[in-house]
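Below is the file work-v5.tsv, which contains TSV, C-alpha atoms.
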```tsv
chain	number	residue	atom	x	y	z
A	1	MET	CA	-28.13	32.50	-37.91
A	2	ILE	CA	-29.08	33.34	-34.35
A	3	TRP	CA	-30.50	29.86	-33.82
A	4	ILE	CA	-27.17	28.27	-34.84
A	5	SER	CA	-25.38	30.41	-32.26
A	6	ARG	CA	-27.89	29.35	-29.62
A	7	ILE	CA	-27.39	25.68	-30.49
A	8	PHE	CA	-23.61	26.02	-30.15
A	9	ARG	CA	-23.99	27.85	-26.87
A	10	GLY	CA	-26.33	25.16	-25.56
A	11	LEU	CA	-23.83	22.46	-26.53
A	12	ALA	CA	-21.05	24.48	-24.92
A	13	MET	CA	-23.03	24.64	-21.68
A	14	LEU	CA	-23.55	20.86	-21.71
A	15	LEU	CA	-19.86	20.26	-22.37
A	16	ALA	CA	-18.94	22.66	-19.56
A	17	LEU	CA	-21.23	20.88	-17.09
A	18	PHE	CA	-19.74	17.54	-18.14
A	19	PHE	CA	-16.28	18.96	-17.50
A	20	VAL	CA	-17.25	20.33	-14.08
A	21	PHE	CA	-18.25	16.92	-12.74
A	22	ALA	CA	-15.99	14.60	-14.76
A	23	PHE	CA	-12.67	16.43	-14.46
A	24	PRO	CA	-12.34	16.12	-10.65
A	25	LEU	CA	-13.11	12.40	-10.86
A	26	THR	CA	-10.50	11.83	-13.55
A	27	LEU	CA	-7.97	13.73	-11.44
A	28	VAL	CA	-8.75	11.46	-8.49
A	29	GLY	CA	-8.23	8.47	-10.79
A	30	ARG	CA	-4.95	9.93	-12.03
A	31	ASP	CA	-3.68	10.43	-8.48
A	32	ILE	CA	-4.73	6.90	-7.54
A	33	GLY	CA	-2.90	5.53	-10.57
A	34	GLN	CA	0.19	7.59	-9.80
A	35	LEU	CA	0.25	6.13	-6.30
A	36	VAL	CA	-0.82	2.53	-6.90
A	37	PHE	CA	1.57	2.05	-9.82
A	38	ASP	CA	4.51	3.68	-8.05
A	39	PRO	CA	6.59	0.83	-6.54
A	40	GLU	CA	8.53	3.13	-4.22
A	41	ALA	CA	5.40	4.69	-2.71
A	42	VAL	CA	3.63	1.34	-2.30
A	43	SER	CA	6.72	-0.29	-0.80
A	44	GLU	CA	7.25	2.55	1.66
A	45	VAL	CA	3.67	2.71	2.90
A	46	VAL	CA	2.91	-1.00	3.04
A	47	SER	CA	6.26	-2.32	4.23
A	48	GLU	CA	6.55	0.17	7.09
A	49	ASN	CA	3.10	-0.64	8.44
A	50	LEU	CA	3.37	-4.40	8.03
A	51	ALA	CA	6.91	-4.54	9.37
A	52	GLU	CA	5.85	-2.70	12.51
A	53	ASN	CA	2.84	-4.96	13.07
A	54	PRO	CA	3.82	-7.74	15.50
A	55	ARG	CA	0.98	-9.98	14.33
A	56	PHE	CA	2.26	-9.88	10.77
A	57	SER	CA	5.77	-10.74	11.95
A	58	LEU	CA	4.31	-13.46	14.15
A	59	SER	CA	2.48	-15.00	11.18
A	60	ILE	CA	5.79	-15.14	9.27
A	61	LEU	CA	7.46	-16.61	12.34
A	62	ASN	CA	4.76	-19.29	12.55
A	63	GLN	CA	5.32	-20.21	8.91
A	64	PHE	CA	9.05	-20.41	9.55
A	65	THR	CA	8.47	-22.54	12.62
A	66	ARG	CA	6.26	-24.96	10.70
A	67	PHE	CA	9.03	-25.26	8.15
A	68	ILE	CA	11.80	-26.07	10.61
A	69	THR	CA	9.62	-28.42	12.69
A	70	SER	CA	8.03	-30.23	9.75
A	71	GLY	CA	9.03	-33.57	8.38
A	72	GLU	CA	8.09	-37.20	8.42
A	73	ASP	CA	9.15	-37.63	12.06
A	74	ALA	CA	8.02	-34.20	13.26
A	75	ASP	CA	5.30	-35.71	15.44
A	76	THR	CA	7.78	-37.97	17.26
A	77	ASP	CA	10.90	-35.79	17.17
A	78	PRO	CA	11.36	-34.45	20.72
A	79	VAL	CA	13.34	-31.43	19.51
A	80	ALA	CA	10.49	-30.37	17.23
A	81	GLN	CA	8.05	-30.98	20.07
A	82	LEU	CA	10.16	-28.84	22.40
A	83	VAL	CA	10.17	-25.98	19.89
A	84	ARG	CA	6.44	-26.18	19.20
A	85	LEU	CA	5.48	-26.38	22.85
A	86	GLY	CA	7.87	-23.58	23.72
A	87	LEU	CA	6.34	-21.32	21.07
A	88	ARG	CA	2.85	-22.04	22.37
A	89	SER	CA	3.99	-21.18	25.90
A	90	LEU	CA	5.45	-17.79	25.00
A	91	THR	CA	4.08	-14.71	26.74
A	92	GLN	CA	3.48	-11.43	24.90
A	93	ASP	CA	6.82	-10.10	26.14
A	94	ASP	CA	8.55	-13.28	24.98
A	95	ILE	CA	6.90	-12.98	21.56
A	96	GLY	CA	8.04	-9.37	21.21
A	97	GLU	CA	11.60	-10.31	22.14
A	98	LEU	CA	11.55	-13.26	19.75
A	99	LEU	CA	10.29	-11.12	16.87
A	100	ASN	CA	12.98	-8.51	17.46
A	101	LEU	CA	15.62	-11.23	17.37
A	102	THR	CA	14.42	-13.16	14.33
A	103	LEU	CA	12.50	-10.67	12.18
A	104	PRO	CA	13.71	-7.09	12.59
A	105	PRO	CA	11.33	-4.61	10.90
A	106	GLU	CA	14.04	-3.31	8.58
A	107	LEU	CA	14.70	-6.80	7.18
A	108	ILE	CA	10.98	-7.42	6.61
A	109	ALA	CA	10.69	-4.04	4.88
A	110	ASP	CA	13.66	-4.83	2.63
A	111	ALA	CA	12.16	-8.19	1.67
A	112	PHE	CA	8.83	-6.59	0.84
A	113	VAL	CA	10.54	-3.94	-1.30
A	114	GLN	CA	12.23	-6.70	-3.30
A	115	ILE	CA	8.90	-8.41	-3.95
A	116	VAL	CA	7.09	-5.22	-4.95
A	117	SER	CA	9.95	-4.02	-7.17
A	118	GLY	CA	10.09	-7.34	-9.00
A	119	PHE	CA	6.35	-7.27	-9.65
A	120	TYR	CA	6.32	-3.70	-11.00
A	121	GLU	CA	9.36	-4.33	-13.20
A	122	TRP	CA	7.46	-7.24	-14.74
A	123	LEU	CA	4.66	-4.88	-15.80
A	124	ASP	CA	7.08	-2.95	-18.03
A	125	ASN	CA	9.04	-5.82	-19.56
A	126	ASP	CA	8.25	-8.71	-21.90
A	127	GLU	CA	8.81	-11.52	-19.41
A	128	PRO	CA	5.96	-14.05	-19.11
A	129	SER	CA	6.10	-14.00	-15.31
A	130	PRO	CA	7.62	-11.79	-12.60
A	131	THR	CA	11.27	-12.33	-11.81
A	132	ILE	CA	11.32	-11.99	-8.05
A	133	GLN	CA	14.59	-12.99	-6.45
A	134	LEU	CA	14.15	-12.65	-2.71
A	135	ASN	CA	17.46	-12.25	-0.91
A	136	VAL	CA	17.13	-14.15	2.37
A	137	ALA	CA	20.83	-14.05	3.24
A	138	PRO	CA	20.34	-11.16	5.72
A	139	LEU	CA	17.57	-13.12	7.45
A	140	LYS	CA	19.80	-16.20	7.65
A	141	ALA	CA	22.71	-14.18	9.01
A	142	ASN	CA	20.49	-12.49	11.58
A	143	PHE	CA	19.07	-15.82	12.72
A	144	ASP	CA	22.56	-17.31	12.94
A	145	ILE	CA	23.71	-14.45	15.17
A	146	ASN	CA	20.68	-14.61	17.46
A	147	GLN	CA	19.86	-18.32	17.37
A	148	ARG	CA	21.18	-18.97	20.89
A	149	ALA	CA	19.08	-16.16	22.37
A	150	VAL	CA	16.08	-17.44	20.39
A	151	LEU	CA	16.45	-20.96	21.77
A	152	GLU	CA	16.91	-19.65	25.29
A	153	THR	CA	13.68	-17.68	24.97
A	154	ILE	CA	11.82	-20.75	23.71
A	155	LEU	CA	13.27	-23.15	26.28
A	156	ASN	CA	12.63	-20.76	29.16
A	157	ALA	CA	8.97	-20.63	28.13
A	158	LEU	CA	8.61	-24.40	28.59
A	159	PRO	CA	6.91	-25.68	31.75
A	160	ASP	CA	9.11	-26.94	34.53
A	161	CYS	CA	9.77	-30.66	34.58
A	162	SER	CA	8.03	-32.93	37.02
A	163	ALA	CA	9.98	-35.38	39.16
A	164	GLU	CA	9.28	-38.17	36.68
A	165	GLN	CA	10.42	-36.03	33.74
A	166	MET	CA	13.57	-35.06	35.64
A	167	LEU	CA	14.26	-38.76	36.07
A	168	ASN	CA	13.84	-39.34	32.34
A	169	TYR	CA	16.37	-36.60	31.65
A	170	ALA	CA	18.76	-38.21	34.09
A	171	LEU	CA	18.30	-41.62	32.46
A	172	SER	CA	18.85	-40.20	28.97
A	173	GLY	CA	22.28	-39.04	30.03
A	174	ASP	CA	23.02	-37.08	26.85
A	175	PHE	CA	21.46	-36.42	23.49
A	176	GLY	CA	22.32	-39.81	22.11
A	177	ASN	CA	18.85	-41.03	23.03
A	178	LEU	CA	16.58	-38.13	22.06
A	179	GLU	CA	13.46	-40.26	21.99
A	180	ASN	CA	13.37	-40.42	25.78
A	181	LEU	CA	13.61	-36.64	26.29
A	182	PRO	CA	10.45	-35.28	27.95
A	183	VAL	CA	8.81	-32.15	26.59
A	184	CYS	CA	9.68	-29.71	29.39
A	185	LYS	CA	12.41	-27.25	30.28
A	186	PRO	CA	15.65	-29.25	30.38
A	187	PRO	CA	17.56	-29.08	33.67
A	188	GLU	CA	21.23	-28.31	33.87
A	189	PRO	CA	23.62	-29.48	32.52
A	190	ILE	CA	21.35	-30.76	29.72
A	191	TYR	CA	20.02	-27.22	29.16
A	192	SER	CA	23.51	-25.93	28.35
A	193	GLU	CA	24.35	-29.02	26.32
A	194	PHE	CA	21.22	-28.46	24.24
A	195	LEU	CA	22.28	-24.88	23.47
A	196	ASN	CA	25.84	-25.97	22.67
A	197	LEU	CA	24.53	-28.62	20.30
A	198	ALA	CA	22.31	-26.03	18.62
A	199	ASP	CA	25.36	-23.80	18.13
A	200	ILE	CA	26.71	-26.54	15.88
A	201	LEU	CA	23.58	-27.85	14.19
A	202	ILE	CA	21.76	-24.61	13.36
A	203	PRO	CA	24.62	-22.94	11.42
A	204	ALA	CA	25.10	-26.19	9.50
A	205	TRP	CA	21.38	-26.31	8.73
A	206	LEU	CA	21.33	-22.65	7.67
A	207	ALA	CA	24.23	-23.33	5.31
A	208	THR	CA	22.06	-25.81	3.41
A	209	LEU	CA	19.40	-23.18	2.73
A	210	PRO	CA	19.67	-21.01	-0.41
A	211	ASP	CA	20.59	-17.35	-0.11
A	212	THR	CA	17.90	-16.37	-2.62
A	213	LEU	CA	14.37	-17.63	-3.18
A	214	ASP	CA	12.98	-17.52	-6.71
A	215	LEU	CA	9.37	-16.60	-5.99
A	216	GLY	CA	8.66	-16.02	-9.67
A	217	GLN	CA	9.45	-19.63	-10.52
A	218	GLN	CA	6.38	-20.71	-8.58
A	219	LEU	CA	4.23	-18.73	-11.05
A	220	GLN	CA	5.58	-20.35	-14.21
A	221	SER	CA	3.17	-23.27	-14.48
A	222	PRO	CA	1.21	-23.55	-17.77
A	223	GLU	CA	-2.09	-22.97	-15.97
A	224	GLN	CA	-0.91	-19.74	-14.36
A	225	ALA	CA	0.78	-18.42	-17.52
A	226	GLY	CA	-2.52	-17.44	-19.13
A	227	GLN	CA	-3.80	-15.89	-15.92
A	228	LEU	CA	-0.62	-13.84	-15.51
A	229	ASP	CA	-0.82	-12.63	-19.10
A	230	GLN	CA	-4.43	-11.53	-18.61
A	231	LEU	CA	-3.57	-9.88	-15.29
A	232	LYS	CA	-0.72	-7.96	-16.89
A	233	THR	CA	-2.92	-6.79	-19.77
A	234	ASN	CA	-5.66	-5.62	-17.40
A	235	LEU	CA	-3.22	-3.78	-15.14
A	236	LEU	CA	-1.56	-1.98	-18.05
A	237	ARG	CA	-4.94	-0.91	-19.43
A	238	THR	CA	-6.02	0.29	-16.02
A	239	ARG	CA	-2.80	2.25	-15.58
A	240	SER	CA	-3.19	3.94	-18.97
A	241	LEU	CA	-6.85	4.75	-18.31
A	242	LEU	CA	-6.15	6.27	-14.91
A	243	ARG	CA	-3.14	8.18	-16.18
A	244	TRP	CA	-4.76	9.82	-19.22
A	245	ALA	CA	-8.53	9.91	-18.62
A	246	TRP	CA	-8.30	13.57	-17.58
A	247	LEU	CA	-6.91	14.66	-20.96
A	248	PRO	CA	-9.99	14.08	-23.17
A	249	VAL	CA	-12.16	15.73	-20.50
A	250	LEU	CA	-9.90	18.79	-20.59
A	251	ILE	CA	-10.07	18.80	-24.40
A	252	VAL	CA	-13.87	18.83	-24.16
A	253	TYR	CA	-13.63	21.97	-22.03
A	254	ILE	CA	-11.24	23.63	-24.48
A	255	ILE	CA	-13.60	22.84	-27.37
A	256	SER	CA	-16.49	24.43	-25.48
A	257	ILE	CA	-14.68	27.79	-25.19
A	258	PRO	CA	-14.98	28.93	-28.85
A	259	MET	CA	-18.49	27.48	-28.98
A	260	TRP	CA	-19.55	29.92	-26.24
A	261	ALA	CA	-17.31	32.97	-26.49
A	262	ARG	CA	-18.53	35.85	-28.65
A	263	SER	CA	-16.47	38.59	-27.02
A	264	TRP	CA	-13.55	39.08	-24.68
A	265	PRO	CA	-15.74	39.26	-21.57
A	266	SER	CA	-17.57	36.05	-22.52
A	267	LEU	CA	-14.21	34.39	-23.22
A	268	PHE	CA	-12.81	35.19	-19.78
A	269	ALA	CA	-16.14	34.46	-18.12
A	270	TRP	CA	-15.80	30.88	-19.32
A	271	GLY	CA	-13.47	30.36	-16.39
A	272	TRP	CA	-16.46	29.47	-14.22
A	273	PRO	CA	-16.24	25.75	-15.12
A	274	LEU	CA	-12.67	25.78	-13.80
A	275	VAL	CA	-13.87	27.43	-10.60
A	276	LEU	CA	-16.56	24.80	-10.05
A	277	SER	CA	-14.36	21.83	-10.96
A	278	GLY	CA	-11.56	23.20	-8.79
A	279	GLY	CA	-13.99	23.66	-5.92
A	280	ILE	CA	-15.22	20.08	-6.26
A	281	SER	CA	-11.63	18.82	-6.39
A	282	LEU	CA	-10.80	20.77	-3.24
A	283	LEU	CA	-13.87	19.41	-1.44
A	284	ILE	CA	-12.89	15.86	-2.38
A	285	ALA	CA	-9.33	16.45	-1.12
A	286	LEU	CA	-10.58	17.91	2.17
A	287	SER	CA	-13.06	15.08	2.64
A	288	LEU	CA	-10.28	12.55	2.08
A	289	TRP	CA	-8.12	14.27	4.68
A	290	LEU	CA	-10.96	14.42	7.20
A	291	SER	CA	-11.99	10.82	6.61
A	292	THR	CA	-8.58	9.18	7.03
A	293	ALA	CA	-9.69	7.79	10.38
A	294	GLY	CA	-13.24	6.79	9.50
A	295	VAL	CA	-13.60	5.78	5.85
A	296	PRO	CA	-10.53	3.49	5.62
A	297	GLN	CA	-11.60	1.70	8.78
A	298	LEU	CA	-15.14	1.31	7.42
A	299	VAL	CA	-13.93	-0.02	4.06
A	300	VAL	CA	-11.56	-2.53	5.64
A	301	ALA	CA	-14.19	-3.58	8.17
A	302	LEU	CA	-16.84	-4.16	5.50
A	303	PHE	CA	-14.74	-6.13	3.05
A	304	PHE	CA	-11.62	-7.50	4.73
A	305	GLU	CA	-12.04	-7.74	8.51
A	306	ASN	CA	-12.83	-11.46	8.58
A	307	SER	CA	-9.97	-12.38	6.25
A	308	LEU	CA	-7.35	-10.02	7.72
A	309	GLY	CA	-7.72	-11.03	11.33
A	310	GLY	CA	-4.79	-9.60	13.29
A	311	LEU	CA	-3.67	-7.52	10.32
A	312	PHE	CA	-6.86	-5.42	10.41
A	313	ASP	CA	-5.21	-2.47	12.15
A	314	SER	CA	-2.25	-2.45	9.75
A	315	PHE	CA	-4.39	-2.46	6.64
A	316	ARG	CA	-6.60	0.27	8.08
A	317	VAL	CA	-3.50	2.42	8.65
A	318	ILE	CA	-2.17	1.55	5.20
A	319	LEU	CA	-5.41	2.61	3.54
A	320	ALA	CA	-5.46	5.83	5.57
A	321	ASP	CA	-1.90	6.63	4.47
A	322	LEU	CA	-2.78	5.94	0.84
A	323	VAL	CA	-5.84	8.20	1.08
A	324	THR	CA	-3.65	10.99	2.48
A	325	LEU	CA	-1.16	10.58	-0.35
A	326	ILE	CA	-4.01	10.90	-2.85
A	327	ALA	CA	-5.46	14.01	-1.16
A	328	ARG	CA	-2.22	16.01	-1.29
A	329	PRO	CA	-1.77	16.20	-5.09
A	330	LEU	CA	-5.52	16.58	-5.56
A	331	ALA	CA	-5.49	19.72	-3.39
A	332	LEU	CA	-2.65	21.14	-5.47
A	333	GLN	CA	-4.49	20.33	-8.69
A	334	SER	CA	-7.58	22.10	-7.39
A	335	ALA	CA	-5.47	25.24	-6.94
A	336	PHE	CA	-4.35	25.03	-10.57
A	337	GLN	CA	-8.02	25.09	-11.55
A	338	LEU	CA	-9.26	27.70	-9.09
A	339	VAL	CA	-6.58	30.33	-9.72
A	340	PRO	CA	-7.00	30.70	-13.53
A	341	GLY	CA	-10.76	30.23	-13.25
A	342	ILE	CA	-11.17	32.98	-10.65
A	343	LEU	CA	-8.81	35.28	-12.55
A	344	GLY	CA	-10.81	34.73	-15.72
A	345	VAL	CA	-14.10	35.54	-14.03
A	346	VAL	CA	-12.61	38.65	-12.38
A	347	VAL	CA	-11.20	39.87	-15.71
A	348	ALA	CA	-14.59	39.30	-17.35
A	349	ILE	CA	-16.32	41.35	-14.63
A	350	VAL	CA	-13.78	44.16	-15.02
A	351	LEU	CA	-14.19	44.19	-18.80
A	352	VAL	CA	-17.97	44.34	-18.52
A	353	TYR	CA	-17.71	47.15	-15.98
A	354	LEU	CA	-15.32	49.15	-18.20
A	355	ARG	CA	-17.49	48.61	-21.24
A	356	ARG	CA	-20.59	49.87	-19.45
A	357	ARG	CA	-18.73	52.85	-18.04
A	358	ASN	CA	-17.35	53.80	-21.43
A	359	ALA	CA	-20.80	53.41	-22.92
A	360	SER	CA	-22.34	55.71	-20.31
A	361	THR	CA	-19.68	58.44	-20.71
A	362	SER	CA	-19.88	58.39	-24.49
A	363	MET	CA	-23.65	58.95	-24.60
A	364	PRO	CA	-24.56	62.35	-26.27
A	365	VAL	CA	-26.07	65.04	-24.03
A	366	SER	CA	-29.63	66.03	-25.00
A	367	PRO	CA	-30.39	69.78	-25.71
A	368	THR	CA	-33.18	69.78	-23.16
A	369	ALA	CA	-30.70	68.73	-20.51
A	370	LEU	CA	-28.55	71.80	-21.30
A	371	GLU	CA	-31.52	74.13	-20.89
```
What does this structure look like when you write it as structure tokens?
Amino acid sequence: MIWISRIFRGLAMLLALFFVFAFPLTLVGRDIGQLVFDPEAVSEVVSENLAENPRFSLSILNQFTRFITSGEDADTDPVAQLVRLGLRSLTQDDIGELLNLTLPPELIADAFVQIVSGFYEWLDNDEPSPTIQLNVAPLKANFDINQRAVLETILNALPDCSAEQMLNYALSGDFGNLENLPVCKPPEPIYSEFLNLADILIPAWLATLPDTLDLGQQLQSPEQAGQLDQLKTNLLRTRSLLRWAWLPVLIVYIISIPMWARSWPSLFAWGWPLVLSGGISLLIALSLWLSTAGVPQLVVALFFENSLGGLFDSFRVILADLVTLIARPLALQSAFQLVPGILGVVVAIVLVYLRRRNASTSMPVSPTALE
């Protein structure tokens, strides 16, 4: 029966080696899943970095500007032309001031949290598409409060009028004949009249806009329904795999213990796989901490730099923050492996030492030694 014992011990060694290398990887996957599928963590990391990135806010501002200056007569409307030309003439300081007035970081962060929360809630319900109701009332209220300062910033960025353009302003008299207004900074008193008119028109225009935007409704077309269903299925499977992949690997290790152990010392000595797997987990955690400046930048540069453009720095910082959040629990999990593993090995060494000492003291003394 010795050969059967050797077979079991050989299988136990293979299972232990599998555990040593697979368990740290499954723990990394578990930590990634815990982070990626946590709406609060994702919202906090991503929204803070994007909200503080002026280029991201500027891209939203450009979309908003295209919306308010679009229309059938946008190419001939002098007001739209004034706004567009003023935006193109803004300096970096003007852009920063404009972003602070129109898109405060806290409002952008709140909007992003609403979008992320709606998406993650959809993963756990039976709805065919995400129900994302974006509350834009705070953005409208903020723009209403600061619209005069916004227009002043835009108008002040316009080039000064030439003598001919000044004459056109004088001939126009008031805003009853907008078609003759030149695209330059209006002189007084037209400058003040323009702002006073905006104080009336902009609040009225904002009142026509909805307080909430149903972003989920845009995903309810028949063509996208099948894609959303497949996406949801794949995400749920991925979440389950990342969350529980470590458990069967741990069971493999537990099964290997009785296959190897033949005594108490050999039982406790089987803590060495925990020591090795914990050491590998700790090395991975330390490497993630040390690489937060290099690896995320390399990954983003290789795969996303061309598409991200001005958002490159934000996404590099986001990835670095995510890597740090993965490294922290992984380091703690490595301790939970190292401590029992090291204790088991130490106990095994002590038991072997005591057994050998007892064996040496219990040996009978030979008669020749007494002589």
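Neighbourhood of point (-13.4, 26.6, -16.8): residues with an atom at most 10 Å away, counting only C-alpha atoms, are Ala16, Leu17, Phe19, Val20, Leu250, Tyr253, Ile254, Ser256, Ile257, Phe268, Ala269, Trp270, Gly271, Trp272, Pro273, Leu274, Val275, Leu276, Ser277, Gly278, Gln337, Leu338, Pro340, Gly341, Ile342, Gly344 and Val345 of chain A.
Here atom CA of A:Pro159 and atom CA of A:Gly96 stand 19.5 Å from one another.
Using only C-alpha atoms for every distance, the candidate list A:Leu151, A:Cys184, A:Leu15, A:Val45 yields A:Val45 as the residue closest to A:Ala320.
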- Can you list, as a list of chain:residue names, every protein, DNA or RNA residue that comes within 6 Å of A:Met259 when you count only C-alpha atoms, leaving out same-chain residues fewer than 5 positions away? A:Phe8, A:Arg9, A:Ala12
For the residues in the current selection, export C-alpha atoms as a short mmCIF file (atom, residue, chain, number, x, y, z; two decimals), in the frame of the given file.
```cif
data_model
loop_
_atom_site.label_atom_id
_atom_site.label_comp_id
_atom_site.auth_asym_id
_atom_site.auth_seq_id
_atom_site.Cartn_x
_atom_site.Cartn_y
_atom_site.Cartn_z
CA PHE A 8 -23.61 26.02 -30.15
CA ARG A 9 -23.99 27.85 -26.87
CA ALA A 12 -21.05 24.48 -24.92
#
```
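Comparing the minimum interatomic distances between A:Ala137 and each of A:Leu322, A:Thr212, A:Arg239, A:Ala163, counting all atoms listed in the file, we find that A:Thr212 sits nearest.
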- Students should find that atom CA of A:Ser89 and atom CA of A:Ala157 are spaced 5.5 Å
- Note on the structure: Nearest to A:Trp246, restricted to only C-alpha atoms and choosing among A:Ile4, A:Leu325, A:Leu87, A:Ala22, comes out as A:Ala22
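The two atoms in question, atom CA of A:Ile326 and atom CA of A:Asp38, are spaced 12.3 Å apart.
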- Task: Take the point (6.7, -8.2, -9.8) as written in the file and pick out every residue within 10 Å of it, counting only C-alpha atoms; give the list as an MDAnalysis selection string.
- Result: chainID A and resid 39 114:124 129:133 215:216
- Message: When you look at A:Arg148 with a cut-off of 12 Å (counting all atoms listed in the file), what residues show up, excluding the ones that are within fewer than 5 positions of it in the same chain? I need them as a PyMOL selection string.
- Response: chain A and resi 98+101-102+142-143+153-155+191-203
Go ahead and write the residues just picked, C-alpha atoms, as a compact mmCIF listing (two decimals), in the frame of the given file.
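Printed below is selection-v1.txt as written:
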```
# COMPACT_ATOMS: atom_id res chain seq x y z
CA LEU A 98 11.55 -13.26 19.75
CA LEU A 101 15.62 -11.23 17.37
CA THR A 102 14.42 -13.16 14.33
CA ASN A 142 20.49 -12.49 11.58
CA PHE A 143 19.07 -15.82 12.72
CA THR A 153 13.68 -17.68 24.97
CA ILE A 154 11.82 -20.75 23.71
CA LEU A 155 13.27 -23.15 26.28
CA TYR A 191 20.02 -27.22 29.16
CA SER A 192 23.51 -25.93 28.35
CA GLU A 193 24.35 -29.02 26.32
CA PHE A 194 21.22 -28.46 24.24
CA LEU A 195 22.28 -24.88 23.47
CA ASN A 196 25.84 -25.97 22.67
CA LEU A 197 24.53 -28.62 20.30
CA ALA A 198 22.31 -26.03 18.62
CA ASP A 199 25.36 -23.80 18.13
CA ILE A 200 26.71 -26.54 15.88
CA LEU A 201 23.58 -27.85 14.19
CA ILE A 202 21.76 -24.61 13.36
CA PRO A 203 24.62 -22.94 11.42
```
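Nearest to A:Gly279 of all the residues A:Val339, A:Leu241, A:Val249, A:Leu236 is A:Val339, based on all atoms listed in the file.
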- Message: Applying 12 Å and only C-alpha atoms, which residues near A:Pro329 remain after dropping the ones on its own chain fewer than 5 positions away? List them as JSON, numbers by chain.
- Response: {"A": [24, 27, 28, 29, 30, 31, 32, 34, 35, 281, 282, 284, 285, 286, 288, 289, 322, 323, 324, 334, 335, 336]}
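For the set A:Leu90, A:Leu167, A:Ile251, A:Ala204, the residue with the smallest atom-to-atom gap to A:Lys140 is A:Ala204, counting only C-alpha atoms.
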- Counting all atoms listed in the file, closest pick from A:Ser360, A:Asn125, A:Thr26, A:Asn156 relative to A:Arg88 is A:Asn156
